[in-house]
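Undergrad: To be precise about what I am sending: the file is called model.cif and holds mmCIF, C-alpha atoms, pLDDT in the B column; chains and numbers go by the auth columns.
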```
data_run
loop_
_atom_site.group_PDB
_atom_site.id
_atom_site.type_symbol
_atom_site.label_atom_id
_atom_site.label_comp_id
_atom_site.label_asym_id
_atom_site.label_seq_id
_atom_site.Cartn_x
_atom_site.Cartn_y
_atom_site.Cartn_z
_atom_site.B_iso_or_equiv
_atom_site.auth_seq_id
_atom_site.auth_asym_id
ATOM 1 C CA MET A 1 -23.558 -56.972 -171.725 41.00 7 D
ATOM 2 C CA SER A 2 -27.068 -56.799 -172.830 39.00 8 D
ATOM 3 C CA GLY A 3 -29.292 -59.789 -173.546 43.00 9 D
ATOM 4 C CA PRO A 4 -30.328 -60.876 -177.043 41.00 10 D
ATOM 5 C CA GLY A 5 -33.622 -58.789 -177.102 43.00 11 D
ATOM 6 C CA ASP A 6 -32.444 -55.690 -175.222 46.00 12 D
ATOM 7 C CA GLY A 7 -31.283 -53.837 -178.355 45.00 13 D
ATOM 8 C CA THR A 8 -34.854 -53.659 -179.784 45.00 14 D
ATOM 9 C CA ALA A 9 -36.518 -51.929 -176.771 49.00 15 D
ATOM 10 C CA PRO A 10 -36.043 -48.312 -178.063 47.00 16 D
ATOM 11 C CA ASP A 11 -37.434 -49.279 -181.447 51.00 17 D
ATOM 12 C CA ARG A 12 -40.453 -50.851 -179.754 50.00 18 D
ATOM 13 C CA ARG A 13 -41.096 -47.638 -177.781 52.00 19 D
ATOM 14 C CA VAL A 14 -40.879 -45.541 -180.950 45.00 20 D
ATOM 15 C CA GLY A 15 -43.363 -47.838 -182.681 53.00 21 D
ATOM 16 C CA GLU A 16 -45.751 -47.682 -179.749 57.00 22 D
ATOM 17 C CA LEU A 17 -45.521 -43.866 -179.745 52.00 23 D
ATOM 18 C CA ALA A 18 -46.185 -43.724 -183.476 52.00 24 D
ATOM 19 C CA ALA A 19 -49.229 -45.961 -183.064 55.00 25 D
ATOM 20 C CA LEU A 20 -50.519 -43.732 -180.266 55.00 26 D
ATOM 21 C CA VAL A 21 -50.116 -40.601 -182.411 49.00 27 D
ATOM 22 C CA SER A 22 -51.936 -42.289 -185.288 56.00 28 D
ATOM 23 C CA ALA A 23 -54.798 -43.277 -182.995 56.00 29 D
ATOM 24 C CA ILE A 24 -55.075 -39.728 -181.602 55.00 30 D
ATOM 25 C CA THR A 25 -55.080 -38.318 -185.163 52.00 31 D
ATOM 26 C CA ALA A 26 -57.827 -40.703 -186.191 52.00 32 D
ATOM 27 C CA VAL A 27 -59.949 -39.751 -183.185 49.00 33 D
ATOM 28 C CA VAL A 28 -59.458 -36.020 -183.876 48.00 34 D
ATOM 29 C CA GLY A 29 -60.363 -36.536 -187.518 50.00 35 D
ATOM 30 C CA LEU A 30 -63.514 -38.417 -186.538 45.00 36 D
ATOM 31 C CA LEU A 31 -64.556 -35.649 -184.133 47.00 37 D
ATOM 32 C CA LEU A 32 -63.957 -32.951 -186.755 41.00 38 D
ATOM 33 C CA ALA A 33 -66.014 -34.867 -189.280 41.00 39 D
ATOM 34 C CA LEU A 34 -68.858 -35.313 -186.825 43.00 40 D
ATOM 35 C CA PHE A 35 -68.988 -31.553 -186.196 42.00 41 D
ATOM 36 C CA GLY A 36 -68.818 -30.720 -189.897 42.00 42 D
ATOM 37 C CA VAL A 37 -65.328 -29.166 -189.844 39.00 43 D
ATOM 38 C CA PRO A 38 -63.286 -30.094 -192.929 37.00 44 D
ATOM 39 C CA PHE A 39 -59.580 -30.851 -192.871 36.00 45 D
ATOM 40 C CA VAL A 40 -57.414 -28.116 -194.353 34.00 46 D
ATOM 41 C CA GLY A 41 -57.165 -28.775 -198.074 34.00 47 D
ATOM 42 C CA GLY A 42 -60.064 -31.233 -197.954 33.00 48 D
ATOM 43 C CA SER A 43 -63.659 -30.934 -199.128 30.00 49 D
ATOM 44 C CA PRO A 44 -66.681 -30.094 -196.968 33.00 50 D
ATOM 45 C CA VAL A 45 -68.625 -32.989 -195.529 32.00 51 D
ATOM 46 C CA ASN A 46 -71.074 -34.613 -197.991 30.00 52 D
ATOM 47 C CA ARG A 47 -69.802 -32.571 -200.968 29.00 53 D
ATOM 48 C CA SER A 48 -67.727 -33.982 -203.781 28.00 54 D
ATOM 49 C CA VAL A 49 -64.564 -32.116 -204.678 27.00 55 D
ATOM 50 C CA ALA A 50 -65.742 -32.299 -208.282 29.00 56 D
ATOM 51 C CA ALA A 51 -69.058 -30.575 -207.485 28.00 57 D
ATOM 52 C CA PRO A 52 -68.774 -26.800 -207.979 31.00 58 D
ATOM 53 C CA VAL A 53 -69.646 -24.593 -205.021 29.00 59 D
ATOM 54 C CA GLU A 54 -71.803 -21.652 -206.112 33.00 60 D
ATOM 55 C CA SER A 55 -70.438 -18.243 -205.259 31.00 61 D
ATOM 56 C CA PRO A 56 -73.012 -15.614 -204.211 34.00 62 D
ATOM 57 C CA ALA A 57 -72.749 -14.069 -207.692 34.00 63 D
ATOM 58 C CA THR A 58 -73.337 -17.416 -209.387 32.00 64 D
ATOM 59 C CA ALA A 59 -76.288 -18.223 -207.131 34.00 65 D
ATOM 60 C CA THR A 60 -77.845 -14.819 -207.848 33.00 66 D
ATOM 61 C CA ALA A 61 -77.370 -15.242 -211.588 34.00 67 D
ATOM 62 C CA THR A 62 -78.956 -18.693 -211.470 33.00 68 D
ATOM 63 C CA ALA A 63 -81.970 -17.463 -209.491 34.00 69 D
ATOM 64 C CA THR A 64 -82.409 -14.500 -211.867 33.00 70 D
ATOM 65 C CA ALA A 65 -82.278 -16.737 -214.932 33.00 71 D
ATOM 66 C CA THR A 66 -84.836 -19.108 -213.424 32.00 72 D
ATOM 67 C CA ALA A 67 -87.193 -16.275 -212.485 34.00 73 D
ATOM 68 C CA THR A 68 -86.868 -14.734 -215.954 32.00 74 D
ATOM 69 C CA ALA A 69 -87.614 -18.032 -217.663 31.00 75 D
ATOM 70 C CA THR A 70 -90.677 -18.579 -215.455 30.00 76 D
ATOM 71 C CA ALA A 71 -91.977 -15.071 -216.081 31.00 77 D
ATOM 72 C CA THR A 72 -91.447 -15.428 -219.830 29.00 78 D
ATOM 73 C CA TRP A 73 -93.316 -18.745 -219.877 27.00 79 D
ATOM 74 C CA SER A 74 -96.189 -17.379 -217.820 32.00 80 D
ATOM 75 C CA ALA A 75 -96.535 -14.274 -219.944 34.00 81 D
ATOM 76 C CA SER A 76 -96.553 -16.258 -223.181 36.00 82 D
ATOM 77 C CA ALA A 77 -99.013 -18.931 -221.842 38.00 83 D
ATOM 78 C CA VAL A 78 -101.668 -16.510 -220.645 42.00 84 D
ATOM 79 C CA PRO A 79 -101.325 -12.944 -222.071 46.00 85 D
ATOM 80 C CA THR A 80 -102.840 -10.172 -219.971 45.00 86 D
ATOM 81 C CA ASN A 81 -103.809 -6.538 -220.363 46.00 87 D
ATOM 82 C CA SER A 82 -103.909 -5.194 -216.824 44.00 88 D
ATOM 83 C CA GLY A 83 -104.056 -1.461 -217.498 50.00 89 D
ATOM 84 C CA SER A 84 -106.724 0.779 -218.948 55.00 90 D
ATOM 85 C CA PRO A 85 -106.541 1.050 -222.759 57.00 91 D
ATOM 86 C CA SER A 86 -105.047 4.207 -224.145 54.00 92 D
ATOM 87 C CA ALA A 87 -107.136 6.961 -225.684 53.00 93 D
ATOM 88 C CA SER A 88 -104.090 8.133 -227.645 64.00 94 D
ATOM 89 C CA ASP A 89 -103.704 7.789 -231.396 83.00 95 D
ATOM 90 C CA VAL A 90 -104.049 4.259 -232.717 90.00 96 D
ATOM 91 C CA PRO A 91 -101.067 2.570 -234.402 93.00 97 D
ATOM 92 C CA GLU A 92 -100.269 3.209 -238.048 94.00 98 D
ATOM 93 C CA GLY A 93 -102.495 1.058 -240.237 96.00 99 D
ATOM 94 C CA TRP A 94 -105.443 1.295 -237.825 97.00 100 D
ATOM 95 C CA ARG A 95 -108.305 3.775 -237.417 96.00 101 D
ATOM 96 C CA ARG A 96 -110.598 4.600 -234.528 95.00 102 D
ATOM 97 C CA VAL A 97 -114.310 3.807 -234.770 95.00 103 D
ATOM 98 C CA GLY A 98 -117.139 4.845 -232.466 94.00 104 D
ATOM 99 C CA GLU A 99 -120.445 3.045 -232.026 94.00 105 D
ATOM 100 C CA PRO A 100 -122.682 5.399 -230.003 93.00 106 D
ATOM 101 C CA ALA A 101 -125.524 2.862 -229.854 93.00 107 D
ATOM 102 C CA LEU A 102 -123.160 0.416 -228.106 95.00 108 D
ATOM 103 C CA THR A 103 -121.344 3.115 -226.077 95.00 109 D
ATOM 104 C CA VAL A 104 -117.992 1.762 -227.234 96.00 110 D
ATOM 105 C CA VAL A 105 -114.980 3.093 -229.132 96.00 111 D
ATOM 106 C CA PHE A 106 -112.438 0.751 -230.692 97.00 112 D
ATOM 107 C CA ALA A 107 -109.716 0.476 -233.326 97.00 113 D
ATOM 108 C CA VAL A 108 -110.057 -1.319 -236.674 97.00 114 D
ATOM 109 C CA PRO A 109 -107.311 -2.137 -239.210 97.00 115 D
ATOM 110 C CA ASP A 110 -107.365 -0.002 -242.361 97.00 116 D
ATOM 111 C CA GLY A 111 -109.147 -1.618 -245.271 97.00 117 D
ATOM 112 C CA TRP A 112 -111.391 -3.825 -243.162 98.00 118 D
ATOM 113 C CA VAL A 113 -115.025 -3.830 -244.303 96.00 119 D
ATOM 114 C CA ARG A 114 -117.942 -3.336 -241.977 95.00 120 D
ATOM 115 C CA ARG A 115 -120.600 -6.010 -242.177 93.00 121 D
ATOM 116 C CA PRO A 116 -124.306 -5.217 -241.706 88.00 122 D
ATOM 117 C CA ALA A 117 -124.740 -3.803 -238.213 77.00 123 D
ATOM 118 C CA GLY A 118 -126.626 -5.680 -235.540 84.00 124 D
ATOM 119 C CA ALA A 119 -128.533 -4.292 -232.586 89.00 125 D
ATOM 120 C CA ILE A 120 -125.884 -5.382 -230.078 94.00 126 D
ATOM 121 C CA GLN A 121 -122.657 -5.738 -232.080 95.00 127 D
ATOM 122 C CA SER A 122 -120.399 -4.238 -234.723 96.00 128 D
ATOM 123 C CA THR A 123 -118.585 -6.675 -237.032 97.00 129 D
ATOM 124 C CA TRP A 124 -115.677 -6.104 -239.429 98.00 130 D
ATOM 125 C CA ARG A 125 -113.912 -8.400 -241.923 98.00 131 D
ATOM 126 C CA SER A 126 -110.412 -8.308 -243.377 98.00 132 D
ATOM 127 C CA PRO A 127 -110.173 -7.737 -247.167 97.00 133 D
ATOM 128 C CA ASP A 128 -109.121 -11.350 -247.817 96.00 134 D
ATOM 129 C CA GLY A 129 -111.807 -12.797 -245.525 96.00 135 D
ATOM 130 C CA THR A 130 -109.251 -14.523 -243.265 97.00 136 D
ATOM 131 C CA HIS A 131 -110.090 -12.558 -240.114 98.00 137 D
ATOM 132 C CA GLU A 132 -113.299 -11.209 -238.635 98.00 138 D
ATOM 133 C CA MET A 133 -113.607 -8.875 -235.661 98.00 139 D
ATOM 134 C CA SER A 134 -116.676 -8.151 -233.547 97.00 140 D
ATOM 135 C CA VAL A 135 -117.390 -5.802 -230.665 97.00 141 D
ATOM 136 C CA LYS A 136 -120.524 -6.644 -228.738 97.00 142 D
ATOM 137 C CA ARG A 137 -122.444 -5.190 -225.766 97.00 143 D
ATOM 138 C CA ASP A 138 -124.994 -7.520 -224.249 94.00 144 D
ATOM 139 C CA THR A 139 -127.000 -8.411 -221.154 95.00 145 D
ATOM 140 C CA SER A 140 -128.318 -11.781 -222.394 93.00 146 D
ATOM 141 C CA TYR A 141 -126.230 -14.053 -220.191 95.00 147 D
ATOM 142 C CA GLY A 142 -125.584 -11.973 -217.082 95.00 148 D
ATOM 143 C CA ALA A 143 -123.787 -8.901 -215.791 96.00 149 D
ATOM 144 C CA THR A 144 -120.367 -10.429 -215.065 97.00 150 D
ATOM 145 C CA PRO A 145 -117.649 -11.675 -217.421 97.00 151 D
ATOM 146 C CA ARG A 146 -117.989 -15.212 -216.047 97.00 152 D
ATOM 147 C CA GLU A 147 -121.757 -15.360 -216.514 97.00 153 D
ATOM 148 C CA ALA A 148 -121.481 -13.908 -219.999 97.00 154 D
ATOM 149 C CA SER A 149 -118.699 -16.247 -221.069 97.00 155 D
ATOM 150 C CA VAL A 150 -120.496 -19.333 -219.744 97.00 156 D
ATOM 151 C CA GLY A 151 -123.710 -18.377 -221.542 97.00 157 D
ATOM 152 C CA GLN A 152 -121.911 -17.490 -224.766 97.00 158 D
ATOM 153 C CA LEU A 153 -119.917 -20.714 -224.731 97.00 159 D
ATOM 154 C CA ALA A 154 -123.087 -22.742 -224.222 97.00 160 D
ATOM 155 C CA TRP A 155 -124.538 -21.086 -227.325 97.00 161 D
ATOM 156 C CA TYR A 156 -121.381 -21.829 -229.302 97.00 162 D
ATOM 157 C CA ARG A 157 -121.620 -25.494 -228.315 97.00 163 D
ATOM 158 C CA ASP A 158 -125.113 -25.691 -229.800 97.00 164 D
ATOM 159 C CA THR A 159 -124.140 -26.518 -233.388 97.00 165 D
ATOM 160 C CA THR A 160 -127.698 -25.980 -234.619 97.00 166 D
ATOM 161 C CA ALA A 161 -127.618 -22.385 -233.412 97.00 167 D
ATOM 162 C CA SER A 162 -123.987 -21.439 -233.999 97.00 168 D
ATOM 163 C CA SER A 163 -122.893 -23.766 -236.859 98.00 169 D
ATOM 164 C CA MET A 164 -119.707 -24.394 -234.854 98.00 170 D
ATOM 165 C CA ALA A 165 -118.521 -28.020 -234.580 98.00 171 D
ATOM 166 C CA ALA A 166 -115.769 -30.027 -232.814 97.00 172 D
ATOM 167 C CA LEU A 167 -115.414 -27.156 -230.382 97.00 173 D
ATOM 168 C CA LYS A 168 -112.588 -27.120 -227.829 98.00 174 D
ATOM 169 C CA ALA A 169 -112.489 -24.188 -225.418 98.00 175 D
ATOM 170 C CA VAL A 170 -110.121 -22.843 -222.767 97.00 176 D
ATOM 171 C CA THR A 171 -110.933 -19.951 -220.423 96.00 177 D
ATOM 172 C CA HIS A 172 -108.276 -17.718 -218.812 96.00 178 D
ATOM 173 C CA THR A 173 -108.574 -14.963 -216.239 97.00 179 D
ATOM 174 C CA THR A 174 -107.117 -11.660 -217.403 97.00 180 D
ATOM 175 C CA ARG A 175 -107.458 -7.885 -217.015 97.00 181 D
ATOM 176 C CA GLN A 176 -109.134 -5.503 -219.422 97.00 182 D
ATOM 177 C CA ASN A 177 -109.880 -1.784 -219.070 96.00 183 D
ATOM 178 C CA GLY A 178 -108.451 -1.954 -215.546 95.00 184 D
ATOM 179 C CA LYS A 179 -110.980 -4.605 -214.508 96.00 185 D
ATOM 180 C CA ASP A 180 -111.064 -8.348 -213.942 97.00 186 D
ATOM 181 C CA ALA A 181 -111.995 -10.035 -217.187 98.00 187 D
ATOM 182 C CA LEU A 182 -112.154 -13.431 -218.888 97.00 188 D
ATOM 183 C CA TRP A 183 -110.405 -14.481 -222.070 96.00 189 D
ATOM 184 C CA LEU A 184 -111.981 -17.294 -224.085 97.00 190 D
ATOM 185 C CA GLU A 185 -109.967 -19.296 -226.612 97.00 191 D
ATOM 186 C CA ILE A 186 -111.818 -21.652 -228.973 98.00 192 D
ATOM 187 C CA ASP A 187 -110.633 -24.112 -231.628 98.00 193 D
ATOM 188 C CA TYR A 188 -113.360 -25.380 -233.960 98.00 194 D
ATOM 189 C CA HIS A 189 -114.518 -25.725 -237.557 97.00 195 D
ATOM 190 C CA TRP A 190 -117.764 -24.786 -239.252 98.00 196 D
ATOM 191 C CA ALA A 191 -120.349 -27.553 -239.487 97.00 197 D
ATOM 192 C CA GLY A 192 -120.020 -29.341 -242.821 96.00 198 D
ATOM 193 C CA GLN A 193 -116.437 -28.083 -243.281 96.00 199 D
ATOM 194 C CA THR A 194 -113.045 -29.295 -242.095 95.00 200 D
ATOM 195 C CA GLU A 195 -110.901 -26.135 -242.190 96.00 201 D
ATOM 196 C CA PRO A 196 -109.704 -25.396 -238.623 97.00 202 D
ATOM 197 C CA ARG A 197 -110.545 -22.018 -237.138 98.00 203 D
ATOM 198 C CA LYS A 198 -109.707 -20.171 -233.935 98.00 204 D
ATOM 199 C CA ARG A 199 -111.745 -17.636 -232.001 98.00 205 D
ATOM 200 C CA VAL A 200 -110.312 -15.473 -229.212 98.00 206 D
ATOM 201 C CA GLU A 201 -112.645 -13.342 -227.147 98.00 207 D
ATOM 202 C CA VAL A 202 -112.388 -11.142 -224.059 98.00 208 D
ATOM 203 C CA PHE A 203 -115.321 -10.366 -221.746 98.00 209 D
ATOM 204 C CA VAL A 204 -115.322 -7.279 -219.521 98.00 210 D
ATOM 205 C CA ALA A 205 -118.151 -5.727 -217.489 97.00 211 D
ATOM 206 C CA GLY A 206 -119.417 -2.281 -218.340 96.00 212 D
ATOM 207 C CA SER A 207 -122.047 -0.105 -216.724 95.00 213 D
ATOM 208 C CA ALA A 208 -125.765 -0.801 -216.257 93.00 214 D
ATOM 209 C CA GLY A 209 -125.310 -4.574 -216.239 95.00 215 D
ATOM 210 C CA HIS A 210 -123.765 -4.727 -219.707 97.00 216 D
ATOM 211 C CA VAL A 211 -120.858 -6.990 -220.635 98.00 217 D
ATOM 212 C CA TYR A 212 -118.621 -6.046 -223.549 98.00 218 D
ATOM 213 C CA GLN A 213 -117.126 -8.709 -225.797 98.00 219 D
ATOM 214 C CA LEU A 214 -114.242 -8.181 -228.209 98.00 220 D
ATOM 215 C CA LEU A 215 -113.489 -11.140 -230.478 98.00 221 D
ATOM 216 C CA PHE A 216 -111.396 -12.170 -233.471 98.00 222 D
ATOM 217 C CA ASP A 217 -112.335 -15.206 -235.543 98.00 223 D
ATOM 218 C CA THR A 218 -109.700 -16.557 -237.925 98.00 224 D
ATOM 219 C CA ALA A 219 -109.219 -19.317 -240.477 97.00 225 D
ATOM 220 C CA ALA A 220 -106.081 -20.986 -239.122 96.00 226 D
ATOM 221 C CA GLY A 221 -104.583 -21.619 -242.570 94.00 227 D
ATOM 222 C CA PRO A 222 -101.893 -24.154 -243.528 93.00 228 D
ATOM 223 C CA GLY A 223 -99.657 -24.823 -240.537 93.00 229 D
ATOM 224 C CA ASN A 224 -101.740 -22.353 -238.468 94.00 230 D
ATOM 225 C CA ARG A 225 -99.874 -19.567 -240.238 94.00 231 D
ATOM 226 C CA ASN A 226 -102.646 -17.005 -239.647 97.00 232 D
ATOM 227 C CA LEU A 227 -102.762 -17.383 -235.866 97.00 233 D
ATOM 228 C CA ALA A 228 -99.688 -15.244 -235.163 96.00 234 D
ATOM 229 C CA THR A 229 -101.383 -12.374 -237.008 97.00 235 D
ATOM 230 C CA GLN A 230 -104.562 -13.017 -235.027 97.00 236 D
ATOM 231 C CA ARG A 231 -102.653 -12.666 -231.734 97.00 237 D
ATOM 232 C CA GLU A 232 -101.213 -9.328 -232.859 97.00 238 D
ATOM 233 C CA LEU A 233 -104.593 -8.039 -234.005 98.00 239 D
ATOM 234 C CA PHE A 234 -106.239 -9.111 -230.750 98.00 240 D
ATOM 235 C CA ALA A 235 -103.557 -7.465 -228.613 97.00 241 D
ATOM 236 C CA THR A 236 -103.775 -4.166 -230.507 97.00 242 D
ATOM 237 C CA ALA A 237 -107.568 -4.099 -230.428 97.00 243 D
ATOM 238 C CA ARG A 238 -107.606 -4.808 -226.697 97.00 244 D
ATOM 239 C CA ALA A 239 -105.175 -1.967 -226.079 96.00 245 D
ATOM 240 C CA HIS A 240 -107.543 0.508 -227.769 96.00 246 D
ATOM 241 C CA LEU A 241 -110.936 -0.747 -226.579 97.00 247 D
ATOM 242 C CA LEU A 242 -112.784 2.031 -224.740 96.00 248 D
ATOM 243 C CA ILE A 243 -116.005 0.906 -223.088 97.00 249 D
ATOM 244 C CA ASP A 244 -118.885 3.074 -221.864 96.00 250 D
ATOM 245 C CA ARG A 245 -117.902 5.763 -224.360 91.00 251 D
ATOM 246 C CA ASN A 246 -120.250 7.537 -226.763 79.00 252 D
ATOM 247 C CA ALA A 247 -117.728 9.102 -229.115 65.00 253 D
ATOM 248 C CA PRO A 248 -114.053 8.795 -230.103 68.00 254 D
#
```
Show me, as structure tokens, the structure contained in the file I just sent.
TA:
Amino acid sequence: MSGPGDGTAPDRRVGELAALVSAITAVVGLLLALFGVPFVGGSPVNRSVAAPVESPATATATATATATATATWSASAVPTNSGSPSASDVPEGWRRVGEPALTVVFAVPDGWVRRPAGAIQSTWRSPDGTHEMSVKRDTSYGATPREASVGQLAWYRDTTASSMAALKAVTHTTRQNGKDALWLEIDYHWAGQTEPRKRVEVFVAGSAGHVYQLLFDTAAGPGNRNLATQRELFATARAHLLIDRNAP
């Protein structure tokens, strides 16, 4: 006959075995976690089950969208014209003009009126007086776009000479006629007036130490409504500016 506690021995052994198995499982789980191996049906180490895991297609789409957004922002912040302007027909509503004395050919919107010619520039005004365009060839400030832009900007800042006041300027690097160029952007108003204006101007080196300047000066108008038109005019004129040319 067995003693009072003998009947519980098998149960004790089963419990001890179960405890041992649990301990081994815990150790194995700890080792797997340390080596970064997930349990089957579990989530990878340091990643929430709720966090989506990008597939290669999703990752590619995300990278493409980011690159596109960056390129769009960059292009809109600082517009460029890296190629040589076309000698083909100008767009409808524009006409080609040649200034042999300045060795330059450019495009002007139809209906714009030429102002009295100067020795170093040709200036045109829109019928309503909102926009003015000038093409200039000069050696006054130096033979490079940077020298010319610095000298021209210094003259603009002299209100006595230029009649420009409250001037704020930003300079961008760009390309024009296949060359390195500078693009100057100026917000100002005429001295004695308060109407805001904007001037955009590109400087590109020509031959014999000359620097060409193409500019548009515009009355901003209520809500700056005229500046979108100015950007379009400037872009078209840049695309059809032919320097060191005697005839169309």
Undergrad: Run through the PyMOL selection byres ((chain D and resi 190) around 7) on the given coordinates and return the selected residues as a compact mmCIF listing (two decimals) with C-alpha atoms, in the coordinates of the input.
TA:
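Final file, out-v6.txt:
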```txt
# COMPACT_ATOMS: atom_id res chain seq x y z
CA VAL D 176 -110.12 -22.84 -222.77
CA THR D 177 -110.93 -19.95 -220.42
CA HIS D 178 -108.28 -17.72 -218.81
CA LEU D 188 -112.15 -13.43 -218.89
CA TRP D 189 -110.40 -14.48 -222.07
CA GLU D 191 -109.97 -19.30 -226.61
CA ILE D 192 -111.82 -21.65 -228.97
CA VAL D 206 -110.31 -15.47 -229.21
CA GLU D 207 -112.64 -13.34 -227.15
CA VAL D 208 -112.39 -11.14 -224.06
```
Undergrad: Evaluating the PyMOL selection byres ((chain D and resi 121) around 10) on the displayed file yields which residues, as a ChimeraX atom specification?
TA: /D:118-120,122-124,128-131,138-140
Undergrad: Only C-alpha atoms, please: the residues just picked out, written as a short mmCIF file (atom, residue, chain, number, x, y, z; two decimals), in the coordinates of the input.
TA:
```cif
data_model
loop_
_atom_site.label_atom_id
_atom_site.label_comp_id
_atom_site.auth_asym_id
_atom_site.auth_seq_id
_atom_site.Cartn_x
_atom_site.Cartn_y
_atom_site.Cartn_z
CA TRP D 118 -111.39 -3.82 -243.16
CA VAL D 119 -115.02 -3.83 -244.30
CA ARG D 120 -117.94 -3.34 -241.98
CA PRO D 122 -124.31 -5.22 -241.71
CA ALA D 123 -124.74 -3.80 -238.21
CA GLY D 124 -126.63 -5.68 -235.54
CA SER D 128 -120.40 -4.24 -234.72
CA THR D 129 -118.58 -6.68 -237.03
CA TRP D 130 -115.68 -6.10 -239.43
CA ARG D 131 -113.91 -8.40 -241.92
CA GLU D 138 -113.30 -11.21 -238.64
CA MET D 139 -113.61 -8.88 -235.66
CA SER D 140 -116.68 -8.15 -233.55
#
```
Undergrad: If we count all atoms listed in the file and set the cut-off at 8 Å, which residues sit around Ser155 (chain D), ignoring sequence neighbours fewer than 3 positions away in its own chain? Please answer as a tab-separated table (two decimals) with C-alpha atoms, keeping the file's coordinate frame.
TA:
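Writing the result to out.tsv gives the following:
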```tsv
chain	number	residue	atom	x	y	z
D	147	TYR	CA	-126.23	-14.05	-220.19
D	151	PRO	CA	-117.65	-11.68	-217.42
D	152	ARG	CA	-117.99	-15.21	-216.05
D	158	GLN	CA	-121.91	-17.49	-224.77
D	159	LEU	CA	-119.92	-20.71	-224.73
D	188	LEU	CA	-112.15	-13.43	-218.89
D	190	LEU	CA	-111.98	-17.29	-224.08
D	209	PHE	CA	-115.32	-10.37	-221.75
```
Undergrad: Determine, counting all atoms listed in the file, every residue of protein, DNA or RNA that lies within 12 Å of (-123.3, 5.2, -228.4) in the file coordinates, then give the result as a count of residues only.
TA: 22
Undergrad: Would you please work out which residue, of D:Ser146, D:Asn183, D:Ser132, D:Gln236, is nearest to Trp161 (chain D) when using all atoms listed in the file?
TA: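 For Trp161 (chain D), the nearest of the given residues is D:Ser146.
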Undergrad: For Asp134 (chain D), which residue among D:Arg203, D:Ala187, D:Gly117, D:Gly229 is the nearest when counting all atoms listed in the file?
TA: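 Residue with the minimum atom-to-atom distance to Asp134 (chain D): D:Gly117.
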Undergrad: In Å, rounded to a single decimal, give me how far CA of His137 (chain D) is from CA of Glu153 (chain D).
TA: 26.5 Å
Undergrad: Please report the interatomic distance between CA of Ala113 (chain D) and CA of Trp100 (chain D) in Å with one decimal.
TA: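 Value for the CA of Ala113 (chain D)-CA of Trp100 (chain D) distance: 6.3 Å.
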Undergrad: Which is closer to Gln199 (chain D) than all the others in D:Asp223, D:Val217, D:Leu247, D:Ser169, using all atoms listed in the file?
TA: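 Checking each candidate against Gln199 (chain D), we get D:Ser169 as the closest.
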Undergrad: Expressed in Å to a single decimal, how great is the separation between CA of Met170 (chain D) and CA of His246 (chain D)?
TA: 28.6 Å
Undergrad: Could you give me the axis-aligned bounding box of region 227-245 of chain D, with 4 Å of padding per side, as centre plus edge lengths in Å to one decimal, as lines of an AutoDock Vina configuration file?
TA:
```
center_x = -103.6
center_y = -13.4
center_z = -234.8
size_x = 15.9
size_y = 30.9
size_z = 25.4
```
Undergrad: Closest to Ala211 (chain D) among D:Gln182, D:Ala245, D:Gly135, D:Ser168, using all atoms listed in the file?
TA: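 The shortest atom-to-atom distance to Ala211 (chain D) comes from D:Gln182.
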